[in-house]
$ cat start.pdb   # PDB, C-alpha atoms
ATOM      1  CA  MET O   1       0.000   0.000   0.000
ATOM      2  CA  LYS O   2       1.032   3.604  -0.530
ATOM      3  CA  LEU O   3      -0.068   6.584   1.537
ATOM      4  CA  LEU O   4       0.236  10.039  -0.007
ATOM      5  CA  TYR O   5       0.371  12.672   2.704
ATOM      6  CA  SER O   6       1.577  16.105   3.775
ATOM      7  CA  PRO O   7       3.606  16.247   7.008
ATOM      8  CA  GLY O   8       1.613  19.206   8.323
ATOM      9  CA  SER O   9      -1.836  17.709   7.697
ATOM     10  CA  PRO O  10      -3.672  16.713  10.894
ATOM     11  CA  TYR O  11      -5.876  14.362   8.860
ATOM     12  CA  ALA O  12      -2.818  12.589   7.478
ATOM     13  CA  ARG O  13      -1.248  12.423  10.912
ATOM     14  CA  LYS O  14      -4.350  10.653  12.193
ATOM     15  CA  VAL O  15      -3.968   8.020   9.468
ATOM     16  CA  ARG O  16      -0.235   7.658  10.065
ATOM     17  CA  ILE O  17      -0.852   7.050  13.770
ATOM     18  CA  VAL O  18      -3.444   4.402  12.922
ATOM     19  CA  ILE O  19      -0.919   2.695  10.624
ATOM     20  CA  ARG O  20       1.552   2.438  13.502
ATOM     21  CA  GLU O  21      -0.974   1.426  16.141
ATOM     22  CA  LYS O  22      -2.283  -1.347  13.884
ATOM     23  CA  GLY O  23       1.204  -2.702  13.182
ATOM     24  CA  LEU O  24       0.995  -1.888   9.474
ATOM     25  CA  ALA O  25       4.063   0.344   9.130
ATOM     26  CA  GLN O  26       5.960  -2.282   7.130
ATOM     27  CA  SER O  27       3.022  -2.669   4.749
ATOM     28  CA  VAL O  28       2.499   1.001   3.866
ATOM     29  CA  GLU O  29       4.928   3.182   1.930
ATOM     30  CA  GLU O  30       4.451   6.793   3.039
ATOM     31  CA  ILE O  31       5.070   9.360   0.305
ATOM     32  CA  VAL O  32       5.152  13.109   0.949
ATOM     33  CA  VAL O  33       3.241  15.218  -1.590
ATOM     34  CA  ASN O  34       2.107  18.816  -1.845
ATOM     35  CA  PRO O  35      -1.667  18.688  -2.474
ATOM     36  CA  HIS O  36      -1.649  22.253  -3.812
ATOM     37  CA  GLN O  37       0.469  21.175  -6.772
ATOM     38  CA  ASN O  38      -2.231  18.785  -8.094
ATOM     39  CA  GLY O  39       0.336  16.092  -8.856
ATOM     40  CA  ALA O  40      -0.731  13.291 -11.175
ATOM     41  CA  GLY O  41      -0.061  10.639  -8.531
ATOM     42  CA  LEU O  42      -2.397  12.287  -6.035
ATOM     43  CA  LEU O  43      -5.089  13.045  -8.610
ATOM     44  CA  ALA O  44      -5.038   9.405  -9.694
ATOM     45  CA  LEU O  45      -6.011   8.412  -6.154
ATOM     46  CA  ASN O  46      -8.184  11.369  -5.217
ATOM     47  CA  PRO O  47      -9.699  13.677  -7.851
ATOM     48  CA  LEU O  48     -10.295  16.214  -5.061
ATOM     49  CA  ALA O  49      -6.494  16.633  -4.744
ATOM     50  CA  LYS O  50      -6.603  16.230  -0.963
ATOM     51  CA  VAL O  51      -4.438  14.263   1.411
ATOM     52  CA  PRO O  52      -4.303  11.707   2.808
ATOM     53  CA  ALA O  53      -4.941   9.282  -0.026
ATOM     54  CA  LEU O  54      -4.286   5.557   0.211
ATOM     55  CA  GLU O  55      -3.497   3.253  -2.701
ATOM     56  CA  THR O  56      -4.413  -0.384  -2.045
ATOM     57  CA  ASP O  57      -5.116  -3.596  -3.932
ATOM     58  CA  ASP O  58      -8.776  -2.879  -3.148
ATOM     59  CA  GLY O  59      -8.637   0.499  -4.893
ATOM     60  CA  ALA O  60      -7.982   4.033  -3.719
ATOM     61  CA  PHE O  61      -9.342   5.394  -0.454
ATOM     62  CA  PHE O  62      -9.474   9.034   0.566
ATOM     63  CA  ASP O  63     -10.940  11.038   3.437
ATOM     64  CA  SER O  64      -9.276  10.171   6.714
ATOM     65  CA  PRO O  65     -12.260   8.546   8.510
ATOM     66  CA  ILE O  66     -12.681   6.043   5.670
ATOM     67  CA  ILE O  67      -8.948   5.358   5.440
ATOM     68  CA  CYS O  68      -8.736   4.829   9.202
ATOM     69  CA  GLU O  69     -11.677   2.438   9.219
ATOM     70  CA  TYR O  70     -10.223   0.504   6.278
ATOM     71  CA  LEU O  71      -6.845   0.194   8.008
ATOM     72  CA  ASP O  72      -8.516  -0.848  11.245
ATOM     73  CA  SER O  73     -10.221  -3.686   9.364
ATOM     74  CA  LEU O  74      -6.916  -5.091   8.083
ATOM     75  CA  SER O  75      -5.640  -6.282  11.434
ATOM     76  CA  ALA O  76      -7.273  -7.686  14.546
ATOM     77  CA  LYS O  77      -4.584  -6.001  16.634
ATOM     78  CA  ALA O  78      -5.982  -3.427  19.050
ATOM     79  CA  PRO O  79      -9.282  -2.556  17.307
ATOM     80  CA  LEU O  80      -9.638   1.225  17.201
ATOM     81  CA  LEU O  81     -13.336   1.250  16.386
ATOM     82  CA  PRO O  82     -16.014  -0.933  18.027
ATOM     83  CA  PRO O  83     -17.640  -3.233  15.452
ATOM     84  CA  ALA O  84     -21.246  -2.220  16.136
ATOM     85  CA  GLY O  85     -23.736  -0.653  18.491
ATOM     86  CA  LEU O  86     -23.801   2.574  20.444
ATOM     87  CA  ALA O  87     -20.133   2.270  21.413
ATOM     88  CA  ARG O  88     -19.214   2.488  17.732
ATOM     89  CA  PHE O  89     -21.335   5.583  17.199
ATOM     90  CA  GLU O  90     -19.825   7.239  20.280
ATOM     91  CA  VAL O  91     -16.338   6.855  18.796
ATOM     92  CA  LEU O  92     -17.523   8.110  15.412
ATOM     93  CA  ARG O  93     -19.277  11.074  17.056
ATOM     94  CA  TYR O  94     -16.107  12.324  18.723
ATOM     95  CA  GLN O  95     -13.999  11.617  15.667
ATOM     96  CA  ALA O  96     -16.421  13.871  13.757
ATOM     97  CA  LEU O  97     -16.089  16.606  16.400
ATOM     98  CA  ALA O  98     -12.294  16.391  16.224
ATOM     99  CA  ASP O  99     -12.367  16.472  12.428
ATOM    100  CA  GLY O 100     -14.571  19.560  12.668
ATOM    101  CA  ILE O 101     -11.916  21.259  14.788
ATOM    102  CA  MET O 102      -9.372  20.345  12.120
ATOM    103  CA  ASP O 103     -11.654  21.709   9.386
ATOM    104  CA  ALA O 104     -12.037  25.063  11.146
ATOM    105  CA  ALA O 105      -8.332  25.268  12.003
ATOM    106  CA  VAL O 106      -7.118  24.391   8.503
ATOM    107  CA  ALA O 107      -9.576  26.865   6.974
ATOM    108  CA  SER O 108      -8.265  29.559   9.336
ATOM    109  CA  VAL O 109      -4.658  28.857   8.412
ATOM    110  CA  LEU O 110      -5.400  28.976   4.690
ATOM    111  CA  GLU O 111      -7.438  32.162   5.061
ATOM    112  CA  GLN O 112      -4.577  33.879   6.874
ATOM    113  CA  ARG O 113      -2.170  32.866   4.113
ATOM    114  CA  ARG O 114      -4.216  34.373   1.291
ATOM    115  CA  ALA O 115      -2.141  36.732  -0.809
ATOM    116  CA  ASP O 116      -4.927  37.939  -3.094
ATOM    117  CA  THR O 117      -6.979  39.775  -0.476
ATOM    118  CA  VAL O 118      -7.193  40.728   3.179
ATOM    119  CA  PRO O 119      -8.218  37.727   5.312
ATOM    120  CA  SER O 120     -11.868  37.766   6.281
ATOM    121  CA  GLN O 121     -12.188  38.602   9.968
ATOM    122  CA  ARG O 122     -15.787  37.403   9.880
ATOM    123  CA  TRP O 123     -14.772  33.918   8.847
ATOM    124  CA  LEU O 124     -11.733  33.810  11.118
ATOM    125  CA  GLN O 125     -13.911  34.740  14.094
ATOM    126  CA  ARG O 126     -16.549  32.198  13.106
ATOM    127  CA  TRP O 127     -13.987  29.387  12.864
ATOM    128  CA  GLU O 128     -12.335  30.397  16.137
ATOM    129  CA  ALA O 129     -15.721  30.381  17.856
ATOM    130  CA  ALA O 130     -16.415  26.895  16.514
ATOM    131  CA  ILE O 131     -13.041  25.689  17.806
ATOM    132  CA  SER O 132     -13.709  27.275  21.200
ATOM    133  CA  ARG O 133     -17.111  25.600  21.522
ATOM    134  CA  ALA O 134     -15.724  22.244  20.412
ATOM    135  CA  THR O 135     -12.789  22.277  22.830
ATOM    136  CA  GLN O 136     -15.149  23.307  25.623
ATOM    137  CA  SER O 137     -17.351  20.354  24.717
ATOM    138  CA  LEU O 138     -14.368  17.974  24.839
ATOM    139  CA  ALA O 139     -13.379  19.364  28.231
ATOM    140  CA  GLU O 140     -16.771  18.377  29.626
ATOM    141  CA  VAL O 141     -16.817  14.684  28.690
ATOM    142  CA  PRO O 142     -14.725  11.665  29.702
ATOM    143  CA  LEU O 143     -12.110  10.982  27.055
ATOM    144  CA  PRO O 144     -10.614   7.569  26.285
ATOM    145  CA  SER O 145      -7.538   6.300  28.047
ATOM    146  CA  ALA O 146      -7.124   3.361  25.682
ATOM    147  CA  ILE O 147      -5.924   4.008  22.150
ATOM    148  CA  ARG O 148      -9.031   4.479  19.979
ATOM    149  CA  LEU O 149      -9.960   6.319  16.833
ATOM    150  CA  ASP O 150     -11.777   9.103  18.654
ATOM    151  CA  GLY O 151      -8.843   9.714  20.986
ATOM    152  CA  ILE O 152      -6.386   9.720  18.098
ATOM    153  CA  ALA O 153      -8.513  12.230  16.184
ATOM    154  CA  ILE O 154      -8.971  14.500  19.211
ATOM    155  CA  ALA O 155      -5.256  14.463  19.996
ATOM    156  CA  CYS O 156      -4.366  15.268  16.370
ATOM    157  CA  ALA O 157      -6.833  18.159  16.326
ATOM    158  CA  LEU O 158      -5.477  19.647  19.555
ATOM    159  CA  ALA O 159      -1.873  19.204  18.401
ATOM    160  CA  TYR O 160      -2.694  21.018  15.166
ATOM    161  CA  LEU O 161      -4.083  23.971  17.125
ATOM    162  CA  THR O 162      -0.812  24.207  19.029
ATOM    163  CA  PHE O 163       1.174  23.788  15.809
ATOM    164  CA  ARG O 164      -0.596  26.285  13.560
ATOM    165  CA  LEU O 165      -2.810  28.457  15.783
ATOM    166  CA  PRO O 166      -0.920  28.994  19.045
ATOM    167  CA  GLY O 167      -3.050  32.059  19.737
ATOM    168  CA  ILE O 168      -5.918  29.696  20.544
ATOM    169  CA  ASP O 169      -4.648  28.748  23.981
ATOM    170  CA  TRP O 170      -6.821  25.727  24.677
ATOM    171  CA  ARG O 171      -4.320  24.409  27.235
ATOM    172  CA  SER O 172      -4.709  27.254  29.720
ATOM    173  CA  ARG O 173      -8.485  27.268  29.305
ATOM    174  CA  HIS O 174      -8.882  23.533  29.809
ATOM    175  CA  GLY O 175      -6.316  22.130  32.210
ATOM    176  CA  ALA O 176      -7.872  18.660  32.442
ATOM    177  CA  LEU O 177      -7.989  18.416  28.649
ATOM    178  CA  ALA O 178      -4.320  19.412  28.477
ATOM    179  CA  ARG O 179      -3.403  16.747  31.026
ATOM    180  CA  TRP O 180      -5.348  14.134  29.060
ATOM    181  CA  PHE O 181      -3.558  15.215  25.877
ATOM    182  CA  ASN O 182      -0.123  15.009  27.490
ATOM    183  CA  GLY O 183      -0.743  11.484  28.718
ATOM    184  CA  TYR O 184      -2.523  10.233  25.615
ATOM    185  CA  THR O 185       0.147  11.406  23.194
ATOM    186  CA  ASP O 186       3.017   9.884  25.152
ATOM    187  CA  ARG O 187       3.290   7.080  22.605
ATOM    188  CA  ALA O 188       5.764   6.243  19.854
ATOM    189  CA  SER O 189       3.075   6.638  17.183
ATOM    190  CA  PHE O 190       2.582  10.299  18.083
ATOM    191  CA  ALA O 191       6.293  11.040  18.364
ATOM    192  CA  GLN O 192       7.001   9.430  14.985
ATOM    193  CA  THR O 193       4.316  11.458  13.192
ATOM    194  CA  ALA O 194       4.876  14.918  14.686
ATOM    195  CA  PRO O 195       5.221  17.702  12.078
ATOM    196  CA  PRO O 196       8.878  18.553  11.381
ATOM    197  CA  ASP O 197       8.800  21.887  13.201
ATOM    198  CA  LEU O 198       6.466  20.957  16.066
TER     199      LEU O 198
END
$ encode --input "start.pdb" --output "structure tokens"
Amino acid sequence: MKLLYSPGSPYARKVRIVIREKGLAQSVEEIVVNPHQNGAGLLALNPLAKVPALETDDGAFFDSPIICEYLDSLSAKAPLLPPAGLARFEVLRYQALADGIMDAAVASVLEQRRADTVPSQRWLQRWEAAISRATQSLAEVPLPSAIRLDGIAIACALAYLTFRLPGIDWRSRHGALARWFNGYTDRASFAQTAPPDL
């Protein structure tokens, strides 16, 4: 299998952590690409020109939740997603919340990098408000201690905020969430997938 990814992408980091937690690192070749260059290799796997994208014998998979679920199905080692029932939907619910934080954060970063116009304060404020509400929500619920897909996604989202939007100081606002993050990310899979300048 081949994974096309960008080192700074929180979605790709989530997938790369899953690869390591599932013991699949020897089975997946990880290839760095720049999605903004619309390279032929990436477009062949994902016409949306987004990372991560996974090439497999079963075809191409894109969008990190689908890739993570596919990878989880390849090995019985440490299932990251319950097979059925409410427990499964709970994990998916919090993965979706974490992915929403990533969506708002990535959109904010891209908006601030626009060279063609002044960044929209309206949209930046809207995305920051969404991130604030979402982190507050996470601070109010019990988070997993065992390695699971929701915990991985939440940790990747929070790490991306620290990486790209340090002005959003979620750590000082939510001490218990920060302590959970520090303990949860104390694993080789997180250390091996950290962005180069994090």
$ residues_around --input "start.pdb" --residues "region 180-183 of chain O" --least-positions-apart "4" --cutoff "8 Å" --atoms "all atoms listed in the file" --output "ChimeraX atom specification"
/O:143,155,158,176
$ closest_residue --input "start.pdb" --among "O:Ala157, O:Pro79, O:Asp150, O:Leu45" --to "Leu92 (chain O)" --atoms "all atoms listed in the file"
O:Asp150
$ resolve_selection --input "start.pdb" --expression "the PyMOL selection byres ((chain O and resi 61-71) around 8)" --output "number ranges by chain"
O: 11-12, 14-15, 18-19, 22, 45-46, 50-56, 59-60, 72-75, 81, 95, 149
$ resolve_selection --input "start.pdb" --expression "the PyMOL selection byres ((chain O and resi 33) around 12)" --output "compact mmCIF listing (two decimals) with C-alpha atoms, in the frame of the given file"
# COMPACT_ATOMS: atom_id res chain seq x y z
CA LYS O 2 1.03 3.60 -0.53
CA LEU O 3 -0.07 6.58 1.54
CA LEU O 4 0.24 10.04 -0.01
CA TYR O 5 0.37 12.67 2.70
CA SER O 6 1.58 16.10 3.78
CA PRO O 7 3.61 16.25 7.01
CA GLY O 8 1.61 19.21 8.32
CA SER O 9 -1.84 17.71 7.70
CA ALA O 12 -2.82 12.59 7.48
CA GLU O 30 4.45 6.79 3.04
CA ILE O 31 5.07 9.36 0.30
CA VAL O 32 5.15 13.11 0.95
CA ASN O 34 2.11 18.82 -1.84
CA PRO O 35 -1.67 18.69 -2.47
CA HIS O 36 -1.65 22.25 -3.81
CA GLN O 37 0.47 21.18 -6.77
CA ASN O 38 -2.23 18.78 -8.09
CA GLY O 39 0.34 16.09 -8.86
CA ALA O 40 -0.73 13.29 -11.18
CA GLY O 41 -0.06 10.64 -8.53
CA LEU O 42 -2.40 12.29 -6.04
CA LEU O 43 -5.09 13.04 -8.61
CA ALA O 49 -6.49 16.63 -4.74
CA LYS O 50 -6.60 16.23 -0.96
CA VAL O 51 -4.44 14.26 1.41
CA PRO O 52 -4.30 11.71 2.81
CA ALA O 53 -4.94 9.28 -0.03
$ resolve_selection --input "start.pdb" --expression "the PyMOL selection byres ((chain O and resi 105) around 8)" --output "count of residues only"
15
$ closest_residue --input "start.pdb" --among "O:Leu138, O:Leu86, O:Leu80, O:Met1" --to "Ser27 (chain O)" --atoms "only C-alpha atoms"
O:Met1
$ atom_distance --input "start.pdb" --atom1 "CA of Ala194 (chain O)" --atom2 "CA of Leu110 (chain O)"
20.1 Å
$ closest_residue --input "start.pdb" --among "O:Ile154, O:Ala191, O:Pro47, O:Ala146" --to "Arg20 (chain O)" --atoms "only C-alpha atoms"
O:Ala191
$ atom_distance --input "start.pdb" --atom1 "CA of Ala78 (chain O)" --atom2 "CA of Asp58 (chain O)"
22.4 Å
$ atom_distance --input "start.pdb" --atom1 "CA of Ala84 (chain O)" --atom2 "CA of Tyr184 (chain O)"
24.4 Å
$ closest_residue --input "start.pdb" --among "O:Ala96, O:Ala153, O:Ile168, O:Val91" --to "Gln125 (chain O)" --atoms "only C-alpha atoms"
O:Ile168
$ closest_residue --input "start.pdb" --among "O:Arg173, O:Asp116, O:Pro196, O:Ala76" --to "Glu21 (chain O)" --atoms "only C-alpha atoms"
O:Ala76
$ closest_residue --input "start.pdb" --among "O:His174, O:Asp197, O:Glu90, O:Glu111" --to "Pro144 (chain O)" --atoms "all atoms listed in the file"
O:Glu90
$ axis_aligned_box --input "start.pdb" --around "region 31-45 of chain O" --padding-each-side "8 Å" --output "lines of an AutoDock Vina configuration file"
center_x = -0.4
center_y = 15.3
center_z = -5.1
size_x = 27.2
size_y = 29.8
size_z = 28.1
$ decode --input "start.pdb" --residues "region 140-170 of chain O" --atoms "N, CA, C and O atoms" --output "mmCIF file, in the first residue's frame"
data_model
loop_
_atom_site.group_PDB
_atom_site.id
_atom_site.type_symbol
_atom_site.label_atom_id
_atom_site.label_comp_id
_atom_site.auth_asym_id
_atom_site.auth_seq_id
_atom_site.Cartn_x
_atom_site.Cartn_y
_atom_site.Cartn_z
ATOM 1 N N GLU O 140 -15.661 18.717 28.732
ATOM 2 C CA GLU O 140 -16.771 18.377 29.626
ATOM 3 C C GLU O 140 -17.159 16.907 29.588
ATOM 4 O O GLU O 140 -18.089 16.490 30.279
ATOM 5 N N VAL O 141 -16.454 16.101 28.809
ATOM 6 C CA VAL O 141 -16.817 14.684 28.690
ATOM 7 C C VAL O 141 -15.610 13.817 29.021
ATOM 8 O O VAL O 141 -14.459 14.245 28.880
ATOM 9 N N PRO O 142 -15.852 12.569 29.479
ATOM 10 C CA PRO O 142 -14.725 11.665 29.702
ATOM 11 C C PRO O 142 -14.112 11.245 28.374
ATOM 12 O O PRO O 142 -14.830 10.879 27.440
ATOM 13 N N LEU O 143 -12.809 11.338 28.280
ATOM 14 C CA LEU O 143 -12.110 10.982 27.055
ATOM 15 C C LEU O 143 -11.408 9.645 27.238
ATOM 16 O O LEU O 143 -11.093 9.248 28.367
ATOM 17 N N PRO O 144 -11.150 8.932 26.162
ATOM 18 C CA PRO O 144 -10.614 7.569 26.285
ATOM 19 C C PRO O 144 -9.184 7.554 26.834
ATOM 20 O O PRO O 144 -8.378 8.439 26.530
ATOM 21 N N SER O 145 -8.917 6.537 27.615
ATOM 22 C CA SER O 145 -7.538 6.300 28.047
ATOM 23 C C SER O 145 -6.868 5.289 27.127
ATOM 24 O O SER O 145 -5.672 5.385 26.862
ATOM 25 N N ALA O 146 -7.654 4.340 26.630
ATOM 26 C CA ALA O 146 -7.124 3.361 25.682
ATOM 27 C C ALA O 146 -7.008 3.997 24.302
ATOM 28 O O ALA O 146 -7.728 4.952 23.975
ATOM 29 N N ILE O 147 -6.103 3.466 23.496
ATOM 30 C CA ILE O 147 -5.924 4.008 22.150
ATOM 31 C C ILE O 147 -7.133 3.628 21.291
ATOM 32 O O ILE O 147 -7.469 2.455 21.133
ATOM 33 N N ARG O 148 -7.831 4.658 20.800
ATOM 34 C CA ARG O 148 -9.031 4.479 19.979
ATOM 35 C C ARG O 148 -9.050 5.568 18.931
ATOM 36 O O ARG O 148 -8.337 6.567 19.039
ATOM 37 N N LEU O 149 -9.914 5.377 17.940
ATOM 38 C CA LEU O 149 -9.960 6.319 16.833
ATOM 39 C C LEU O 149 -10.411 7.705 17.274
ATOM 40 O O LEU O 149 -9.895 8.722 16.781
ATOM 41 N N ASP O 150 -11.348 7.777 18.199
ATOM 42 C CA ASP O 150 -11.777 9.103 18.654
ATOM 43 C C ASP O 150 -10.661 9.818 19.404
ATOM 44 O O ASP O 150 -10.401 11.003 19.175
ATOM 45 N N GLY O 151 -9.950 9.102 20.260
ATOM 46 C CA GLY O 151 -8.843 9.714 20.986
ATOM 47 C C GLY O 151 -7.727 10.170 20.064
ATOM 48 O O GLY O 151 -7.151 11.255 20.248
ATOM 49 N N ILE O 152 -7.412 9.344 19.076
ATOM 50 C CA ILE O 152 -6.386 9.720 18.098
ATOM 51 C C ILE O 152 -6.786 11.000 17.376
ATOM 52 O O ILE O 152 -5.987 11.927 17.221
ATOM 53 N N ALA O 153 -8.039 11.054 16.924
ATOM 54 C CA ALA O 153 -8.513 12.230 16.184
ATOM 55 C C ALA O 153 -8.494 13.482 17.060
ATOM 56 O O ALA O 153 -8.063 14.560 16.624
ATOM 57 N N ILE O 154 -8.955 13.349 18.300
ATOM 58 C CA ILE O 154 -8.971 14.500 19.211
ATOM 59 C C ILE O 154 -7.553 14.997 19.459
ATOM 60 O O ILE O 154 -7.275 16.202 19.405
ATOM 61 N N ALA O 155 -6.644 14.076 19.731
ATOM 62 C CA ALA O 155 -5.256 14.463 19.996
ATOM 63 C C ALA O 155 -4.626 15.138 18.781
ATOM 64 O O ALA O 155 -3.891 16.130 18.924
ATOM 65 N N CYS O 156 -4.905 14.641 17.584
ATOM 66 C CA CYS O 156 -4.366 15.268 16.370
ATOM 67 C C CYS O 156 -4.939 16.665 16.165
ATOM 68 O O CYS O 156 -4.214 17.580 15.746
ATOM 69 N N ALA O 157 -6.214 16.840 16.464
ATOM 70 C CA ALA O 157 -6.833 18.159 16.326
ATOM 71 C C ALA O 157 -6.211 19.152 17.300
ATOM 72 O O ALA O 157 -5.867 20.284 16.934
ATOM 73 N N LEU O 158 -6.054 18.749 18.556
ATOM 74 C CA LEU O 158 -5.477 19.647 19.555
ATOM 75 C C LEU O 158 -4.022 19.971 19.238
ATOM 76 O O LEU O 158 -3.575 21.116 19.394
ATOM 77 N N ALA O 159 -3.274 18.969 18.774
ATOM 78 C CA ALA O 159 -1.873 19.204 18.401
ATOM 79 C C ALA O 159 -1.779 20.182 17.244
ATOM 80 O O ALA O 159 -0.863 21.019 17.200
ATOM 81 N N TYR O 160 -2.722 20.097 16.308
ATOM 82 C CA TYR O 160 -2.694 21.018 15.166
ATOM 83 C C TYR O 160 -2.957 22.452 15.618
ATOM 84 O O TYR O 160 -2.360 23.392 15.089
ATOM 85 N N LEU O 161 -3.845 22.621 16.601
ATOM 86 C CA LEU O 161 -4.083 23.971 17.125
ATOM 87 C C LEU O 161 -2.793 24.547 17.696
ATOM 88 O O LEU O 161 -2.460 25.714 17.442
ATOM 89 N N THR O 162 -2.074 23.746 18.458
ATOM 90 C CA THR O 162 -0.812 24.207 19.029
ATOM 91 C C THR O 162 0.204 24.512 17.937
ATOM 92 O O THR O 162 0.954 25.490 18.017
ATOM 93 N N PHE O 163 0.216 23.681 16.906
ATOM 94 C CA PHE O 163 1.174 23.788 15.809
ATOM 95 C C PHE O 163 0.936 25.031 14.947
ATOM 96 O O PHE O 163 1.853 25.803 14.672
ATOM 97 N N ARG O 164 -0.290 25.241 14.534
ATOM 98 C CA ARG O 164 -0.596 26.285 13.560
ATOM 99 C C ARG O 164 -1.312 27.509 14.125
ATOM 100 O O ARG O 164 -1.239 28.590 13.549
ATOM 101 N N LEU O 165 -2.025 27.346 15.232
ATOM 102 C CA LEU O 165 -2.810 28.457 15.783
ATOM 103 C C LEU O 165 -2.516 28.607 17.274
ATOM 104 O O LEU O 165 -3.395 28.448 18.126
ATOM 105 N N PRO O 166 -1.278 28.910 17.629
ATOM 106 C CA PRO O 166 -0.920 28.994 19.045
ATOM 107 C C PRO O 166 -1.672 30.087 19.805
ATOM 108 O O PRO O 166 -1.740 30.045 21.033
ATOM 109 N N GLY O 167 -2.258 31.030 19.078
ATOM 110 C CA GLY O 167 -3.050 32.059 19.737
ATOM 111 C C GLY O 167 -4.315 31.515 20.372
ATOM 112 O O GLY O 167 -4.894 32.150 21.269
ATOM 113 N N ILE O 168 -4.768 30.355 19.922
ATOM 114 C CA ILE O 168 -5.918 29.696 20.544
ATOM 115 C C ILE O 168 -5.367 28.838 21.681
ATOM 116 O O ILE O 168 -4.959 27.691 21.480
ATOM 117 N N ASP O 169 -5.329 29.395 22.857
ATOM 118 C CA ASP O 169 -4.648 28.748 23.981
ATOM 119 C C ASP O 169 -5.593 27.796 24.708
ATOM 120 O O ASP O 169 -6.029 28.072 25.833
ATOM 121 N N TRP O 170 -5.892 26.691 24.078
ATOM 122 C CA TRP O 170 -6.821 25.727 24.677
ATOM 123 C C TRP O 170 -6.248 25.098 25.949
ATOM 124 O O TRP O 170 -7.004 24.680 26.833
#
